[in-house]
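run-v4.pdb follows; it contains PDB, C-alpha atoms, pLDDT in the B column.
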```pdb
MODEL        1
ATOM      1  CA  MET A  61       0.000   0.000   0.000  1.00 49.00           C
ATOM      2  CA  HIS A  62       1.266   3.502  -0.751  1.00 50.00           C
ATOM      3  CA  ARG A  63       2.928   5.132   2.270  1.00 50.00           C
ATOM      4  CA  LYS A  64       0.543   8.148   2.353  1.00 47.00           C
ATOM      5  CA  ALA A  65      -2.479   5.867   2.123  1.00 46.00           C
ATOM      6  CA  ARG A  66      -1.205   3.739   5.013  1.00 48.00           C
ATOM      7  CA  GLN A  67      -0.759   6.909   7.118  1.00 49.00           C
ATOM      8  CA  PHE A  68      -4.298   8.037   6.300  1.00 45.00           C
ATOM      9  CA  PHE A  69      -5.966   4.754   7.293  1.00 45.00           C
ATOM     10  CA  SER A  70      -3.801   4.574  10.421  1.00 47.00           C
ATOM     11  CA  LYS A  71      -5.140   7.957  11.563  1.00 47.00           C
ATOM     12  CA  LEU A  72      -8.701   6.902  10.658  1.00 45.00           C
ATOM     13  CA  GLY A  73      -8.339   3.761  12.746  1.00 48.00           C
ATOM     14  CA  SER A  74      -7.147   5.798  15.733  1.00 47.00           C
ATOM     15  CA  LEU A  75     -10.186   8.070  15.383  1.00 44.00           C
ATOM     16  CA  LEU A  76     -12.558   5.095  15.407  1.00 43.00           C
ATOM     17  CA  LEU A  77     -10.864   3.636  18.497  1.00 42.00           C
ATOM     18  CA  LEU A  78     -11.139   6.972  20.271  1.00 42.00           C
ATOM     19  CA  PHE A  79     -14.933   7.027  19.799  1.00 42.00           C
ATOM     20  CA  GLN A  80     -15.694   3.306  20.197  1.00 45.00           C
ATOM     21  CA  ARG A  81     -16.911   3.690  23.801  1.00 44.00           C
ATOM     22  CA  THR A  82     -19.270   6.541  23.013  1.00 42.00           C
ATOM     23  CA  PRO A  83     -22.704   6.677  21.289  1.00 39.00           C
ATOM     24  CA  ILE A  84     -21.022   8.432  18.362  1.00 36.00           C
ATOM     25  CA  VAL A  85     -19.626   5.084  17.177  1.00 36.00           C
ATOM     26  CA  GLN A  86     -23.173   4.023  16.337  1.00 38.00           C
ATOM     27  CA  MET A  87     -23.160   6.646  13.604  1.00 34.00           C
ATOM     28  CA  ILE A  88     -19.524   6.290  12.447  1.00 33.00           C
ATOM     29  CA  LEU A  89     -19.180   2.484  12.178  1.00 35.00           C
ATOM     30  CA  PRO A  90     -22.009   1.902   9.650  1.00 34.00           C
ATOM     31  CA  GLU A  91     -20.354   4.467   7.387  1.00 33.00           C
ATOM     32  CA  ALA A  92     -16.924   2.879   7.961  1.00 35.00           C
ATOM     33  CA  ARG A  93     -18.139  -0.407   6.510  1.00 35.00           C
ATOM     34  CA  VAL A  94     -18.822   1.379   3.222  1.00 32.00           C
ATOM     35  CA  LEU A  95     -15.305   2.758   2.918  1.00 33.00           C
ATOM     36  CA  GLY A  96     -13.933  -0.431   1.356  1.00 38.00           C
ATOM     37  CA  THR A  97     -15.848   0.295  -1.854  1.00 35.00           C
ATOM     38  CA  SER A  98     -15.302   4.070  -1.867  1.00 34.00           C
ATOM     39  CA  GLY A  99     -12.569   5.950  -3.689  1.00 35.00           C
ATOM     40  CA  MET A 100     -10.239   8.354  -1.922  1.00 32.00           C
ATOM     41  CA  GLY A 101     -12.254  11.368  -3.132  1.00 37.00           C
ATOM     42  CA  GLU A 102     -15.497  10.012  -1.697  1.00 32.00           C
ATOM     43  CA  LEU A 103     -13.701   9.168   1.544  1.00 28.00           C
ATOM     44  CA  ALA A 104     -12.613  12.780   1.977  1.00 33.00           C
ATOM     45  CA  LYS A 105     -16.189  14.010   1.397  1.00 35.00           C
ATOM     46  CA  TRP A 106     -17.543  11.536   3.960  1.00 31.00           C
ATOM     47  CA  SER A 107     -14.978  12.618   6.565  1.00 30.00           C
ATOM     48  CA  VAL A 108     -15.948  16.299   6.299  1.00 32.00           C
ATOM     49  CA  ALA A 109     -19.701  15.557   6.332  1.00 31.00           C
ATOM     50  CA  SER A 110     -19.403  13.311   9.395  1.00 29.00           C
ATOM     51  CA  VAL A 111     -17.476  15.865  11.467  1.00 31.00           C
ATOM     52  CA  VAL A 112     -20.024  18.572  10.620  1.00 33.00           C
ATOM     53  CA  GLY A 113     -22.937  16.250  11.372  1.00 31.00           C
ATOM     54  CA  LEU A 114     -21.629  15.324  14.800  1.00 31.00           C
ATOM     55  CA  CYS A 115     -22.027  18.828  16.242  1.00 34.00           C
ATOM     56  CA  ALA A 116     -24.142  21.103  14.046  1.00 34.00           C
ATOM     57  CA  PHE A 117     -27.651  19.711  14.535  1.00 35.00           C
ATOM     58  CA  ASP A 118     -27.613  18.208  18.022  1.00 44.00           C
ATOM     59  CA  SER A 119     -30.204  20.648  19.413  1.00 51.00           C
ATOM     60  CA  ILE A 120     -32.770  23.285  18.532  1.00 57.00           C
ATOM     61  CA  ALA A 121     -30.135  26.006  18.927  1.00 57.00           C
ATOM     62  CA  GLY A 122     -27.192  26.556  16.618  1.00 57.00           C
ATOM     63  CA  ALA A 123     -27.780  25.978  12.914  1.00 67.00           C
ATOM     64  CA  SER A 124     -31.583  26.100  13.169  1.00 85.00           C
ATOM     65  CA  THR A 125     -33.762  28.915  11.837  1.00 92.00           C
ATOM     66  CA  ILE A 126     -37.455  29.840  11.819  1.00 95.00           C
ATOM     67  CA  THR A 127     -39.051  30.779   8.491  1.00 95.00           C
ATOM     68  CA  GLN A 128     -42.500  32.063   7.498  1.00 96.00           C
ATOM     69  CA  LEU A 129     -44.317  29.629   5.196  1.00 96.00           C
ATOM     70  CA  GLN A 130     -47.496  31.668   4.681  1.00 95.00           C
ATOM     71  CA  PRO A 131     -49.005  34.106   3.900  1.00 95.00           C
ATOM     72  CA  THR A 132     -45.656  35.546   2.624  1.00 93.00           C
ATOM     73  CA  PRO A 133     -42.989  32.826   2.431  1.00 94.00           C
ATOM     74  CA  GLY A 134     -39.586  33.888   3.753  1.00 94.00           C
ATOM     75  CA  SER A 135     -40.689  37.353   4.877  1.00 94.00           C
ATOM     76  CA  LEU A 136     -40.306  38.836   8.358  1.00 94.00           C
ATOM     77  CA  THR A 137     -43.552  40.790   7.844  1.00 94.00           C
ATOM     78  CA  VAL A 138     -46.923  39.069   8.227  1.00 96.00           C
ATOM     79  CA  ASN A 139     -49.548  40.949   6.234  1.00 93.00           C
ATOM     80  CA  ALA A 140     -53.167  40.737   7.355  1.00 94.00           C
ATOM     81  CA  THR A 141     -56.439  42.640   6.991  1.00 92.00           C
ATOM     82  CA  GLN A 142     -58.777  43.628   9.784  1.00 89.00           C
ATOM     83  CA  ASN A 143     -61.839  41.343  10.102  1.00 90.00           C
ATOM     84  CA  LYS A 144     -60.426  38.865   7.554  1.00 93.00           C
ATOM     85  CA  SER A 145     -59.112  35.388   8.325  1.00 95.00           C
ATOM     86  CA  LEU A 146     -55.339  35.002   8.767  1.00 96.00           C
ATOM     87  CA  ALA A 147     -53.181  31.869   8.924  1.00 97.00           C
ATOM     88  CA  PHE A 148     -49.573  32.731   9.800  1.00 97.00           C
ATOM     89  CA  VAL A 149     -47.642  29.463   9.387  1.00 97.00           C
ATOM     90  CA  PHE A 150     -43.956  29.127  10.300  1.00 96.00           C
ATOM     91  CA  GLN A 151     -41.405  26.317  10.449  1.00 94.00           C
ATOM     92  CA  VAL A 152     -38.121  25.588  12.208  1.00 93.00           C
ATOM     93  CA  THR A 153     -35.500  23.946   9.997  1.00 89.00           C
ATOM     94  CA  GLY A 154     -31.907  22.795  10.336  1.00 82.00           C
ATOM     95  CA  VAL A 155     -32.404  20.404  13.260  1.00 66.00           C
ATOM     96  CA  ASP A 156     -33.042  16.680  13.590  1.00 63.00           C
ATOM     97  CA  SER A 157     -35.551  16.886  16.438  1.00 68.00           C
ATOM     98  CA  ARG A 158     -38.933  18.621  16.540  1.00 86.00           C
ATOM     99  CA  PRO A 159     -39.541  21.407  19.062  1.00 92.00           C
ATOM    100  CA  GLY A 160     -41.195  20.214  22.242  1.00 93.00           C
ATOM    101  CA  SER A 161     -42.892  23.585  22.675  1.00 94.00           C
ATOM    102  CA  TRP A 162     -43.428  26.877  20.847  1.00 96.00           C
ATOM    103  CA  GLN A 163     -43.656  30.310  22.466  1.00 96.00           C
ATOM    104  CA  ILE A 164     -44.907  33.684  21.218  1.00 96.00           C
ATOM    105  CA  ILE A 165     -43.332  36.706  22.923  1.00 94.00           C
ATOM    106  CA  GLY A 166     -45.259  39.946  22.497  1.00 91.00           C
ATOM    107  CA  ALA A 167     -48.917  40.890  22.211  1.00 89.00           C
ATOM    108  CA  LEU A 168     -50.966  39.449  19.344  1.00 93.00           C
ATOM    109  CA  PRO A 169     -53.719  41.518  17.695  1.00 92.00           C
ATOM    110  CA  ASN A 170     -57.153  40.885  19.165  1.00 92.00           C
ATOM    111  CA  GLY A 171     -58.769  37.887  17.472  1.00 95.00           C
ATOM    112  CA  LEU A 172     -55.553  35.933  16.782  1.00 96.00           C
ATOM    113  CA  ASN A 173     -54.463  32.859  18.733  1.00 96.00           C
ATOM    114  CA  HIS A 174     -51.283  30.802  18.911  1.00 97.00           C
ATOM    115  CA  ASN A 175     -51.929  27.131  18.112  1.00 94.00           C
ATOM    116  CA  ASN A 176     -48.702  25.779  19.773  1.00 91.00           C
ATOM    117  CA  ALA A 177     -48.179  22.572  17.764  1.00 92.00           C
ATOM    118  CA  ALA A 178     -45.921  20.785  20.290  1.00 90.00           C
ATOM    119  CA  PHE A 179     -43.434  18.229  18.932  1.00 92.00           C
ATOM    120  CA  ASN A 180     -44.000  19.492  15.403  1.00 93.00           C
ATOM    121  CA  SER A 181     -41.571  21.443  13.228  1.00 93.00           C
ATOM    122  CA  VAL A 182     -44.476  23.558  11.888  1.00 95.00           C
ATOM    123  CA  ASP A 183     -46.625  25.869  14.034  1.00 96.00           C
ATOM    124  CA  SER A 184     -49.102  28.678  13.355  1.00 97.00           C
ATOM    125  CA  ILE A 185     -51.023  31.710  14.545  1.00 97.00           C
ATOM    126  CA  SER A 186     -54.549  31.978  13.177  1.00 97.00           C
ATOM    127  CA  GLY A 187     -57.890  33.715  13.577  1.00 97.00           C
ATOM    128  CA  ILE A 188     -59.631  36.894  12.467  1.00 96.00           C
ATOM    129  CA  PRO A 189     -57.786  40.023  13.630  1.00 95.00           C
ATOM    130  CA  THR A 190     -60.183  42.696  14.817  1.00 91.00           C
ATOM    131  CA  GLN A 191     -57.480  45.234  15.657  1.00 86.00           C
ATOM    132  CA  ALA A 192     -55.593  47.139  12.955  1.00 86.00           C
ATOM    133  CA  GLY A 193     -51.981  48.081  13.568  1.00 86.00           C
ATOM    134  CA  SER A 194     -48.399  46.858  13.643  1.00 87.00           C
ATOM    135  CA  PHE A 195     -47.525  44.190  16.202  1.00 91.00           C
ATOM    136  CA  PRO A 196     -43.893  43.061  16.696  1.00 91.00           C
ATOM    137  CA  ILE A 197     -43.597  39.533  18.089  1.00 94.00           C
ATOM    138  CA  THR A 198     -40.895  36.925  18.584  1.00 95.00           C
ATOM    139  CA  VAL A 199     -41.491  33.277  17.691  1.00 96.00           C
ATOM    140  CA  LYS A 200     -39.418  30.898  19.834  1.00 95.00           C
ATOM    141  CA  ALA A 201     -38.947  27.141  19.415  1.00 94.00           C
ATOM    142  CA  TRP A 202     -37.838  25.133  22.483  1.00 93.00           C
ATOM    143  CA  GLU A 203     -36.322  21.664  22.323  1.00 91.00           C
ATOM    144  CA  PHE A 204     -38.432  20.375  25.233  1.00 92.00           C
ATOM    145  CA  SER A 205     -41.978  20.935  26.445  1.00 92.00           C
ATOM    146  CA  GLY A 206     -42.633  23.634  29.009  1.00 93.00           C
ATOM    147  CA  PHE A 207     -40.229  26.116  27.352  1.00 93.00           C
ATOM    148  CA  ALA A 208     -37.145  24.168  28.438  1.00 93.00           C
ATOM    149  CA  GLY A 209     -33.803  23.270  26.897  1.00 92.00           C
ATOM    150  CA  PRO A 210     -32.003  24.925  23.974  1.00 91.00           C
ATOM    151  CA  SER A 211     -34.049  27.267  21.817  1.00 92.00           C
ATOM    152  CA  THR A 212     -33.994  29.375  18.668  1.00 93.00           C
ATOM    153  CA  SER A 213     -36.070  32.466  17.885  1.00 94.00           C
ATOM    154  CA  LYS A 214     -36.992  34.873  15.105  1.00 95.00           C
ATOM    155  CA  ALA A 215     -38.636  38.313  15.190  1.00 95.00           C
ATOM    156  CA  PHE A 216     -41.666  39.000  12.982  1.00 96.00           C
ATOM    157  CA  THR A 217     -44.081  41.931  12.623  1.00 93.00           C
ATOM    158  CA  ILE A 218     -47.788  41.290  12.087  1.00 95.00           C
ATOM    159  CA  VAL A 219     -49.179  44.243  10.123  1.00 91.00           C
ATOM    160  CA  VAL A 220     -52.980  44.360  10.145  1.00 91.00           C
ATOM    161  CA  GLY A 221     -54.424  46.779   7.606  1.00 87.00           C
ATOM    162  CA  ASN A 222     -57.857  48.316   7.979  1.00 82.00           C
ATOM    163  CA  GLY A 223     -59.044  47.620   4.454  1.00 79.00           C
ATOM    164  CA  GLY A 224     -58.323  51.125   3.184  1.00 73.00           C
ATOM    165  CA  ILE A 225     -60.205  53.091   5.864  1.00 74.00           C
ATOM    166  CA  ALA A 226     -57.091  55.161   6.683  1.00 75.00           C
ATOM    167  CA  PRO A 227     -53.321  54.695   6.467  1.00 81.00           C
ATOM    168  CA  LEU A 228     -51.615  53.279   9.541  1.00 84.00           C
ATOM    169  CA  PRO A 229     -49.185  55.461  11.482  1.00 89.00           C
ATOM    170  CA  THR A 230     -45.514  54.848  10.755  1.00 91.00           C
ATOM    171  CA  ILE A 231     -42.771  55.130  13.362  1.00 94.00           C
ATOM    172  CA  THR A 232     -39.874  56.774  11.532  1.00 95.00           C
ATOM    173  CA  LYS A 233     -37.553  57.004  14.555  1.00 96.00           C
ATOM    174  CA  GLN A 234     -37.774  54.611  17.477  1.00 96.00           C
ATOM    175  CA  PRO A 235     -37.241  55.852  21.061  1.00 96.00           C
ATOM    176  CA  ALA A 236     -33.690  55.330  22.342  1.00 96.00           C
ATOM    177  CA  SER A 237     -32.422  53.686  25.515  1.00 96.00           C
ATOM    178  CA  PHE A 238     -30.422  55.660  28.096  1.00 95.00           C
ATOM    179  CA  THR A 239     -28.091  55.181  31.033  1.00 96.00           C
ATOM    180  CA  ILE A 240     -28.459  57.724  33.847  1.00 95.00           C
ATOM    181  CA  LYS A 241     -27.279  58.231  37.416  1.00 95.00           C
ATOM    182  CA  THR A 242     -29.698  57.375  40.189  1.00 95.00           C
ATOM    183  CA  GLY A 243     -31.937  60.280  41.212  1.00 94.00           C
ATOM    184  CA  ASN A 244     -32.175  61.728  37.681  1.00 95.00           C
ATOM    185  CA  PHE A 245     -34.818  61.671  34.948  1.00 95.00           C
ATOM    186  CA  VAL A 246     -34.744  61.427  31.139  1.00 96.00           C
ATOM    187  CA  THR A 247     -37.016  62.440  28.263  1.00 96.00           C
ATOM    188  CA  LEU A 248     -37.931  59.651  25.844  1.00 97.00           C
ATOM    189  CA  SER A 249     -39.175  60.565  22.381  1.00 97.00           C
ATOM    190  CA  VAL A 250     -40.592  58.940  19.256  1.00 97.00           C
ATOM    191  CA  THR A 251     -41.011  60.273  15.721  1.00 97.00           C
ATOM    192  CA  ALA A 252     -44.020  59.097  13.699  1.00 95.00           C
ATOM    193  CA  SER A 253     -45.812  60.040  10.502  1.00 92.00           C
ATOM    194  CA  GLY A 254     -49.521  59.938   9.729  1.00 90.00           C
ATOM    195  CA  THR A 255     -52.676  61.953  10.285  1.00 88.00           C
ATOM    196  CA  GLY A 256     -54.554  62.405  13.553  1.00 90.00           C
ATOM    197  CA  LEU A 257     -51.838  60.780  15.682  1.00 95.00           C
ATOM    198  CA  THR A 258     -52.237  60.154  19.406  1.00 96.00           C
ATOM    199  CA  TYR A 259     -49.645  58.727  21.788  1.00 97.00           C
ATOM    200  CA  GLN A 260     -49.671  56.618  24.921  1.00 97.00           C
ATOM    201  CA  TRP A 261     -46.547  55.593  26.847  1.00 98.00           C
ATOM    202  CA  TYR A 262     -46.400  52.426  28.950  1.00 97.00           C
ATOM    203  CA  LYS A 263     -44.034  50.852  31.438  1.00 96.00           C
ATOM    204  CA  GLY A 264     -42.759  47.343  30.719  1.00 95.00           C
ATOM    205  CA  ALA A 265     -42.252  45.381  27.502  1.00 93.00           C
ATOM    206  CA  SER A 266     -43.683  46.487  24.154  1.00 92.00           C
ATOM    207  CA  GLY A 267     -47.218  45.278  23.505  1.00 88.00           C
ATOM    208  CA  ILE A 268     -48.127  44.816  27.177  1.00 89.00           C
ATOM    209  CA  THR A 269     -50.777  47.444  27.919  1.00 91.00           C
ATOM    210  CA  THR A 270     -51.447  46.684  31.600  1.00 92.00           C
ATOM    211  CA  ARG A 271     -49.215  49.540  32.884  1.00 95.00           C
ATOM    212  CA  PRO A 272     -50.235  52.775  31.129  1.00 96.00           C
ATOM    213  CA  ILE A 273     -48.597  55.988  32.355  1.00 97.00           C
ATOM    214  CA  LEU A 274     -51.234  58.557  33.253  1.00 95.00           C
ATOM    215  CA  THR A 275     -49.223  61.795  33.273  1.00 94.00           C
ATOM    216  CA  ALA A 276     -49.834  64.479  30.648  1.00 94.00           C
ATOM    217  CA  SER A 277     -46.469  64.031  28.919  1.00 92.00           C
ATOM    218  CA  ALA A 278     -47.190  60.287  28.519  1.00 96.00           C
ATOM    219  CA  LYS A 279     -49.793  61.251  25.916  1.00 97.00           C
ATOM    220  CA  THR A 280     -47.312  63.115  23.701  1.00 97.00           C
ATOM    221  CA  ALA A 281     -44.422  62.115  21.435  1.00 97.00           C
ATOM    222  CA  ALA A 282     -41.929  63.104  24.163  1.00 97.00           C
ATOM    223  CA  TYR A 283     -42.327  61.577  27.620  1.00 97.00           C
ATOM    224  CA  LYS A 284     -40.474  62.925  30.661  1.00 96.00           C
ATOM    225  CA  THR A 285     -39.898  60.169  33.208  1.00 96.00           C
ATOM    226  CA  PRO A 286     -40.079  60.768  36.943  1.00 95.00           C
ATOM    227  CA  ILE A 287     -36.889  60.742  39.012  1.00 95.00           C
ATOM    228  CA  LEU A 288     -35.611  57.170  38.755  1.00 95.00           C
ATOM    229  CA  THR A 289     -33.705  55.054  41.253  1.00 95.00           C
ATOM    230  CA  THR A 290     -34.057  51.677  39.520  1.00 95.00           C
ATOM    231  CA  THR A 291     -33.679  50.487  35.925  1.00 96.00           C
ATOM    232  CA  SER A 292     -36.995  50.687  34.036  1.00 96.00           C
ATOM    233  CA  LYS A 293     -38.428  49.710  30.635  1.00 97.00           C
ATOM    234  CA  TYR A 294     -40.810  51.810  28.516  1.00 97.00           C
ATOM    235  CA  TRP A 295     -42.568  51.806  25.142  1.00 97.00           C
ATOM    236  CA  VAL A 296     -45.086  53.962  23.287  1.00 97.00           C
ATOM    237  CA  GLN A 297     -48.174  53.190  21.228  1.00 96.00           C
ATOM    238  CA  VAL A 298     -48.968  55.498  18.299  1.00 96.00           C
ATOM    239  CA  LYS A 299     -52.582  55.496  17.123  1.00 93.00           C
ATOM    240  CA  ASN A 300     -54.885  57.058  14.545  1.00 90.00           C
ATOM    241  CA  ALA A 301     -58.086  56.118  12.712  1.00 84.00           C
ATOM    242  CA  GLY A 302     -56.147  53.542  10.697  1.00 84.00           C
ATOM    243  CA  GLY A 303     -54.939  51.566  13.705  1.00 85.00           C
ATOM    244  CA  THR A 304     -52.108  51.349  16.215  1.00 90.00           C
ATOM    245  CA  VAL A 305     -48.351  50.871  15.972  1.00 92.00           C
ATOM    246  CA  ASN A 306     -46.181  49.780  18.916  1.00 93.00           C
ATOM    247  CA  SER A 307     -42.636  51.024  19.384  1.00 95.00           C
ATOM    248  CA  ASN A 308     -39.686  48.940  20.478  1.00 94.00           C
ATOM    249  CA  THR A 309     -39.004  48.490  24.180  1.00 95.00           C
ATOM    250  CA  VAL A 310     -36.430  50.929  25.548  1.00 96.00           C
ATOM    251  CA  THR A 311     -34.438  50.576  28.755  1.00 97.00           C
ATOM    252  CA  VAL A 312     -33.447  53.390  31.077  1.00 97.00           C
ATOM    253  CA  LYS A 313     -30.539  51.927  33.015  1.00 97.00           C
ATOM    254  CA  VAL A 314     -29.927  53.506  36.404  1.00 95.00           C
ATOM    255  CA  THR A 315     -26.414  53.324  37.864  1.00 95.00           C
ATOM    256  CA  PRO A 316     -25.158  54.398  41.314  1.00 89.00           C
TER     257      PRO A 316
ENDMDL
END
```
Would you mind writing the file's structure down as structure tokens?
Amino acid sequence: MHRKARQFFSKLGSLLLLFQRTPIVQMILPEARVLGTSGMGELAKWSVASVVGLCAFDSIAGASTITQLQPTPGSLTVNATQNKSLAFVFQVTGVDSRPGSWQIIGALPNGLNHNNAAFNSVDSISGIPTQAGSFPITVKAWEFSGFAGPSTSKAFTIVVGNGGIAPLPTITKQPASFTIKTGNFVTLSVTASGTGLTYQWYKGASGITTRPILTASAKTAAYKTPILTTTSKYWVQVKNAGGTVNSNTVTVKVTP
């Protein structure tokens, strides 16, 4: 046998011995039996593919990705119309196992529900949206049930039109996060375009409307916070006759 070939098979044999006491050998040995009929070029291809396969797809995280299947395949925007049926279907790919649970982070428009197809690579949000506006959400796939184990996520925006009644507001400049010293305040601002705009600022994560701020400045494009001693999160909802648009969440970090 040629000297270089003997060196190659010697190294391959050492690799197989190294893994023989692990579960990995169950995947390597069946392929090794095929090597006797493979040429050197095919052997090199198999070696690269096996090393990649051993580590790339062992969990939901890593090489996996979530993609919209319908209504607009591949897009990060989900287009819908108020009072018309919507089926937002998405899929996680690039993994061997199916997610044990799916999670939607963010507020869905009224009338839409998450179906949570556990242990299925395809999941969906469906229903008849009764609320026009722009709704940013994050779709998250977990390896195990109960939102446990490795995960992968993707951000989407559900845009519900009002059927031509009026154009939706558009946020042209999102509010910015700040870092301040304890005992100080900051003014948060948003820039939006559209007609007949109204504003409402909230504490907490974007889309969660249970903590509205009731001061006068919280109903304008620029909101002056109170004196802060702890880190806080804020967001603003912009509204007109066409519907509502939610801003991103901003953080005011308070340091000593």
When you look at Val312 in chain A with a cut-off of 10 Å (counting only C-alpha atoms), what residues show up, excluding the ones that are within fewer than 5 positions of it in the same chain? I need them as a PyMOL selection string. chain A and resi 236-240+245-246+248+285+288+290-294
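Restricting the calculation to all atoms listed in the file, the smallest distance between Lys241 in chain A and any of A:Pro316, A:Pro286, A:Gly267, A:Pro131 is found for A:Pro316.
The space separating CA of Ala278 in chain A from CA of Val250 in chain A comes to 11.5 Å.
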Give me the residues near Trp295 in chain A as a PyMOL selection string, where near means some atom within 10 Å (using all atoms listed in the file) and where sequence neighbours in that chain fewer than 3 positions away do not count. chain A and resi 234-236+248-250+260-269+272+306-311
Store the residues of this selection in a file with C-alpha atoms, as an mmCIF file, keeping the file's coordinate frame.
```
data_model
loop_
_atom_site.group_PDB
_atom_site.id
_atom_site.type_symbol
_atom_site.label_atom_id
_atom_site.label_comp_id
_atom_site.auth_asym_id
_atom_site.auth_seq_id
_atom_site.Cartn_x
_atom_site.Cartn_y
_atom_site.Cartn_z
ATOM 1 C CA GLN A 234 -37.774 54.611 17.477
ATOM 2 C CA PRO A 235 -37.241 55.852 21.061
ATOM 3 C CA ALA A 236 -33.690 55.330 22.342
ATOM 4 C CA LEU A 248 -37.931 59.651 25.844
ATOM 5 C CA SER A 249 -39.175 60.565 22.381
ATOM 6 C CA VAL A 250 -40.592 58.940 19.256
ATOM 7 C CA GLN A 260 -49.671 56.618 24.921
ATOM 8 C CA TRP A 261 -46.547 55.593 26.847
ATOM 9 C CA TYR A 262 -46.400 52.426 28.950
ATOM 10 C CA LYS A 263 -44.034 50.852 31.438
ATOM 11 C CA GLY A 264 -42.759 47.343 30.719
ATOM 12 C CA ALA A 265 -42.252 45.381 27.502
ATOM 13 C CA SER A 266 -43.683 46.487 24.154
ATOM 14 C CA GLY A 267 -47.218 45.278 23.505
ATOM 15 C CA ILE A 268 -48.127 44.816 27.177
ATOM 16 C CA THR A 269 -50.777 47.444 27.919
ATOM 17 C CA PRO A 272 -50.235 52.775 31.129
ATOM 18 C CA ASN A 306 -46.181 49.780 18.916
ATOM 19 C CA SER A 307 -42.636 51.024 19.384
ATOM 20 C CA ASN A 308 -39.686 48.940 20.478
ATOM 21 C CA THR A 309 -39.004 48.490 24.180
ATOM 22 C CA VAL A 310 -36.430 50.929 25.548
ATOM 23 C CA THR A 311 -34.438 50.576 28.755
#
```
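Here CA of Lys200 in chain A stands at a distance of 13.4 Å from CA of Val149 in chain A.
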Residue nearest Asn139 in chain A - candidates A:Tyr259, A:Phe207, A:Phe216, A:Trp202, atoms counted: all atoms listed in the file: A:Phe216
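Taking CA of Ser253 in chain A and CA of Val298 in chain A as the two end points, the separation is 9.6 Å.
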Of the candidates A:Ile126, A:Ala281, A:Val314, A:Ile218, which shows the shortest atom-to-atom distance to Asp183 in chain A, using all atoms listed in the file? A:Ile126
